[in-house]
Structures are given as C-alpha cells and as structure tokens.
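Below is one structure, written out as structure tokens; comments come after it.
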Amino acid sequence: MQFAARYQDGLVAEVRAAECVLDLAADPVALVILDAASREVLDRWDASAAYLLHSRMIELRIANRKKPAGARLGVTGVADTRSALGLLPMLHTGQRKDLWAQLRILVLATAALASVLVAYLYGIPLLADRLVAYVPPAWESKIGATAAAEIERQMTDGKGYVVCDPDRNSAANVAIAGFVSRVFDGLDSPFHPTVTVVRSAIPNAFALPGGRTYYLSSLIEASRTPDEFAGVLAHELGHVYYRHGMQSLIASSSTGLLVGFVLGDMTGLSVAGAVGSHLIDNRFSRQDEALADRFAAETAQRLGFSPKGLGDLLERVAEDDEFSRALALFSNHPLTDERRAALDALDTPTPQARPAFTDAQWQAIRNMCPLPSPPPLPPLAGSP
Amino acid sequence: MAEASEAARVGRVEFTGSRHELFLILIRGYALMLPTIGLYRFWQATWKRRFYWQNTVIDGEPLEYTGTATQLLAGFFFALAFFLPIYIALFVLSMQESSLIVLGYLGVGLIIWFLMGYAIYRARDFRLSRTLWRGIRFDQRGSAWAFALRRFVWSILFVLSVGLIYPWMASSLWKYRWRNTWFGDRKLEIAGNWRIFAGPYFAVYGLNILTVGGTILWMTSTGDYRHAGTSLLPGPISILAWIGCVIILALSCCWYRTRSASRMLSTVSLGEAKLSVDIGAGPLFWQYVAYVVCLAMLLVLLLVTFGAVLGSVYAVAVAAGKAPGAVALLSLFQSSTLNVVLLIAAYLVVLGAFGMLAELILSYGWWRLLARSASIANPDSLNTIRSAPEDRSLIGQGLADALNVGAY
C-alpha cells in the first residue's frame, strides 16, 4: 500500500511530487518518502511522530514532530487519502488529542467565566469599599463640583428646570443649611453639604460626591409635614456621610474595566462600558439605600423629630403616581416591601418629638418654588 | 521549447472556500461566544484565519496558518498591560474640570492613535510569521515603534493638508511594510511609489468635491430647500442629487480601492517571481450594494423580533394579572439581574449579527476577489529559497505579536 503526496522538507521552498510507503522492518516503523519520478528516497519519517494538521476539506496535511516545523505531506484525492489514513492509524490518535485540547479550552473558559462572575459579585464591592477610604475628601469635593456644574448646566439648559430660590441667605435656605449642620454636627465628616432645590415634575432627591445635594420641588410639594422633608433630606445626607457616590464611581469604573476585559474593549468608551456602569449603580443602590435609611432614622432620633416621615413620604409618592414610581425605581429609590419593613423597624417613636422645622421655616421652604405663571393663551381665531 | 514554456510559467491563485463553510464557522463561534461571555473570540479568530489561509491556493499549494488561540489570548493579556494605565488615566481624568477633561481626552486619544500603529504592525507580524507556504515561513522585520511613529507623523500631516498628502503617506507606509516582509531568507520588494496612488486618489478627491460642491451650489442658487425648525431640508431634486452624490462616492471609492491595490500589489516582487493583481471595481461595488441591502433586511428582522419579544412579554404580564399599561411593562425590567442578562444578550446578538454580515459579505468577498485576481509570474524561481533561522526574538515577544485583539 502506498499513497501519492506533495512533499516539502521545511528547509527549501520546493514542492516535490512523492510516493510514500511504509518500512515496517525499520525500528521505529518509518514512512519512506520517494520521489514520484526517480524513486530516489527523499526522506524517512518516524511514522509514530506523524500527526494530522487542520486543513481544508479536500486535503490531508501531515506534519512530523521529529522533522523541521515546516515539513509537510499534502495528500489529495479520495484513494490517496484513504490509503494514507490506512497506513498511518496514529493520525487518529492525534485527532483524539485535539479533542482533549478542545475540552481543556472549554474548562478554561468556564473557569474564566466563573472568576469574572466572582469578581463582579464580590471583588468589586469589596474593592470599592476599601478604596474609597483612600480617596482624599478634597478630591471627592472637586469631583462633586465638576459633576454639579454639569448637572446644573443640563437642568437649566432650556428644559424648564429652574434652581429655586438661588439666594443663599433667604429664610428657607438658612433653615435648610441650619438643619444640615445640625445633622453633621459631631459626626466627624470632612464634608459640608449644600442643598439646592430645583423645580422638577419628578419627585426625587439625590446627593453628589462631596456633599452637593439636590432636592426636586415635586417632592417638597408631596411632603405634608416638615418631618417628611427632613427624613428624605437626612437620607440623602447619609449617602454623603458614607461617601456612596464616590464608592459607586469607583465600582462602576472597575465594572467597566471588567466588562472591557471580557468584551475586549479596554478604552471603556463603548456601549459595554456604559452598560456596565449603569448595572453596577443599580446593584449597589440596595445596600446603600438601607444604610442611608438607617442614617436618617438615627438622625431623627438624635435631633428629636419623628423618623416616620421618610417612609410615609416615599410611600405616598409611590402611590401618587405609578408612572413616576416606575421612573423613580429606575433612578435609584426603590421602595420595596422589605425596605418599608426595615424602615418601620427603625421607627421607635419618641414621645417628646417635635418637628424638624418651625412652622415659619417650613412655610418658607414650601414657598421656595412658586408655581410658574401659566403660558399665555393662544390668540382666538378671528380676533383682531 | 520546454525551457521557454518553463520560464514563462505563471502560477495561478485560487480560492476554494465557500461562503456556506464560513457561515458554519461563524455560527458555531457565536454559539460558543455566548456561554464563554466573549472569551471564545480568540478561538473564533483562529478558526476564521485557518479557513481563509488554507483555502487560498497559490500555484497549487495552499497557505497554512500555524498560529494558535492561546497565543492570541496571551497577546490580549499583554495588551491589557498597555491599556490599564490608559484606563486609570481616563478614570482620573473624568473627575477633573471640563477644560482639563477635553485636553486630557485629546492626549489619551493621541496616545491610543499612536499605539494603534504599533498594534497594526505587530498584528501583521503575527499573521505573517504564522503563515506557511511550501513549508517556508513568512516574516516581517523592521521596528513596530518606527512604523507607529511614521504613521503617526504622516497622519498629522494628512489632517493638516486636508488629505492632499495621502498618496505620499500611503506609499511610505506600504513601502515600509512590504520592504520589511520576508519569505524564508528572501526579502520582498515593492517598486510602486506615490504616483500610483496620486492618479486615482486625486481623481476621486476632485470628482467628489465637484459633485458635492455642485449639489450645494445648485441647492442654494435655485432655492431648492425648505426650513424645518432650525435645520435645512433639501427639495425633491436636491434629494435626488444627494443620492447621486452617495452613489458616485461609493463607486469612486470602489474604483480607487481596486485600482490602487491592483497597481501597487502588481509591483511586488520576490526575487525573480513577480506578483500581478487585477481587481475589477464592479464586483466590489456590488458587494457594497449587497451589504447595504442585507443590512437593511437584518435591521427590519431585528426590529420585528424585538417587537414580538416585547409583545409576548407584555402578554405574559397581562396573563399573570398585572395591570396592563406601560407601568406593568416597565416593572418587568426592574430586576437588575434580568437587566444584566437582557442587555448582554441583546448586545451580543446585535453585534454578532452585524459582525457576521460584514464578515460574510465584505471580508470574504474582498479576500476572494483579491485571491482570484492574483497570479505569480515565474514561481519556479522560488524553489531555491531556504527557511530562515527560527526568529527567536519573535517567540520571546510572542505576547506582543497578538496585539491585534482587544480594543479595535
């Protein structure tokens, strides 16, 4: 039995037509490669060291471990392919090894997947938690200032949002600032939060890294008592105190890195990076909200106002408007049943509770965002 | 007589791979890409290269790709080392004042642009040094840093000269690449210079300025436009003119690409063997047309599928007793785990579908077009080429050679 092949020795760029026969008498068994025309011996291969390479469908390519890396036998045609495989059964063993290699790759990929998941679930929260302590507060305040400039620009840029009562010395702003300093008094926090009230139809409030806090007018309108307003404000100040903004910034960057690693986009400028950071924000909010709730409740007890307000207000907002509830859930203040339960558990009624703001103060705060004058009526048809 | 025909022998280049076969490779690849969250892409790239290489048969002997996925993976880790500092720089930057951010992003952008030149050269080196033909390895020498610098400086000049300097830039970069390309112990040579690019380039450049400028001039002089808010909308004849501009742009780009590639590649020689390439512009243009049509069809298909999925989710929500309405629909997506899964799935499906289409029509089409229009004069003169000694430094820096995966 023999087969025809195109032979290359891997040393010279010459292809020679060859006939291959098996020399069973040799030890180890040798594949003898003869020139097709002159029958001169071109090379002798150790048959057991031959292996199959991946090739196109109509060709068999055989290499040899004991020969130069480029040494090849190329076999085409059904008859020759069949006899080559018949003569060299060890080629199949090589293919089985290939299968094992593929399996190893699958195991490796699974391990990689698992480690990415572990990094996502445990590594990043831990990292963000630890790293935030090393970020200097001055730096965090600067980041907050940059973000604030951006947010204020967006809010006031012809979208109908207005900063209410920009005068820092007005009665309402002084009352709020007084409340903030009472909350942070004795807490040993490097931050001095400022609160800005902004007109908006969405009932929400949020805090930026470094302490800049925004309170949207709809939420003030929804508040029935000063304690409700104070409760939500204390909650936001809790985020400032625990540096949640900075923490989630670090976390979302790390997620961006992780997602980039998986998807191969290391600049993090793609959709993947954005998606990654959005997801991490959502995931973090649960734990952080609970911490901020606890902070609000403890503040209420310390300052002597009723801690019930926060839960009441969130619940009312949620019932008021289902659509904005859905939006608020998307933003980051989900009022789940478990959160409500946790809030109720924190609520230990204080007998001598008095409101967080005096009547005059509360009235001033309620009037910070007067309703805008209605748009001018369209001229009647036919009127002069 | 026999001697004469021997000397005049021309080696043909064939391409034997079918689109169907490539499609199966791509489908299998994406199926494995999902469970491995994208890490399979290194194996996928290897399978694709094997397909292209081994089906390209030059003078009766196919090319062979000897690279492995593990090498690509290692190269990716190496690329990480490059990008980690950049990533940290971007993170720190994003927290600075806005004027500084702009400046910083510009700086980082320039660094990435420079590194891309390095990566492109390294990637070509990686592919060439893992390409075997007649049992002999190709190789690329020269310095990747030198190439990156050259490309960087040229591209700055390109911008400064509003593109007019392109023929000199292209010729300089082509020469650097090809004159550093080796087959075994023999160096490739390229004789073409900027003149080859200049003719077609300036013709295309001028033609498109004429058509676009003419359309704008006609639009403004005849007043064939109307105002819609703050933007201008062209009138009916102008719309036709703009469509004409786009078609002329596509046609002329096809003509430029095929013309310059044919003429430039036809000046490549390896000792006494000469490469000759003649690609027609028509087939390439029809490939683009086919791609645009398929893209439109795919978009419609994706939108219909998305609508159907949303509809069925909504139906399930209603059946489960939730209040019908936008709120019910939105509330379904409030679970962050579901969001993660959905977004990643959508990302991969959309990206996969578009990537697959581009691969099947454009990459495959171009490769086959190039292969089938090429031939080698005097291929027997190559018989004396000897394999170069194993490129130790290449193996030593094996990681860097695979920088072609990752960010681009």
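We label chains A, B, ... in the order they appear in the structure tokens, count residues from 1 in each chain, and number ligands from 1 in the order shown.
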| task | Mind checking which residues fall within 7 Å of region 195-209 of chain A, counting only C-alpha atoms, ignoring those fewer than 4 positions away in the same chain, and posting them as a PyMOL selection string? | result | chain A and resi 140-141+143-144+161-164+213-219+236+239-240+243+245-246+324+369
Could you turn the residues from that selection into a file that holds C-alpha atoms, as an mmCIF file, in the first residue's frame?
data_model
loop_
_atom_site.group_PDB
_atom_site.id
_atom_site.type_symbol
_atom_site.label_atom_id
_atom_site.label_comp_id
_atom_site.auth_asym_id
_atom_site.auth_seq_id
_atom_site.Cartn_x
_atom_site.Cartn_y
_atom_site.Cartn_z
ATOM 1 C CA GLU A 140 -14.079 63.974 46.200
ATOM 2 C CA SER A 141 -15.412 67.522 46.681
ATOM 3 C CA ILE A 143 -15.336 65.678 41.576
ATOM 4 C CA GLY A 144 -18.686 66.664 43.058
ATOM 5 C CA TYR A 161 -35.822 73.271 35.171
ATOM 6 C CA VAL A 162 -35.028 76.200 37.405
ATOM 7 C CA VAL A 163 -32.959 76.472 40.553
ATOM 8 C CA CYS A 164 -35.499 77.689 43.110
ATOM 9 C CA THR A 213 -27.383 67.597 47.413
ATOM 10 C CA TYR A 214 -30.340 68.281 45.127
ATOM 11 C CA TYR A 215 -33.960 68.269 46.207
ATOM 12 C CA LEU A 216 -36.613 68.424 43.495
ATOM 13 C CA SER A 217 -39.654 70.628 44.015
ATOM 14 C CA SER A 218 -42.259 67.910 43.417
ATOM 15 C CA LEU A 219 -41.006 66.088 46.463
ATOM 16 C CA GLU A 236 -29.513 61.905 51.197
ATOM 17 C CA HIS A 239 -25.263 58.973 51.259
ATOM 18 C CA VAL A 240 -22.878 61.910 51.626
ATOM 19 C CA ARG A 243 -19.432 58.518 50.556
ATOM 20 C CA GLY A 245 -21.320 58.495 45.390
ATOM 21 C CA MET A 246 -17.566 58.069 45.349
ATOM 22 C CA SER A 324 -43.212 58.206 38.146
ATOM 23 C CA CYS A 369 -40.661 77.051 44.268
#
task: Based on DSSP run over this structure's backbone, return all residues of region 189-313 of chain B in helix (DSSP H, G or I), as a PyMOL selection string.
output: chain B and resi 194-222+236-265+281-313
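Between Ala63 (chain A) and the candidates A:Gln361, A:Gln301, A:Gln8, A:Ser189, the tightest atom-to-atom separation, counting only C-alpha atoms, involves A:Gln8.
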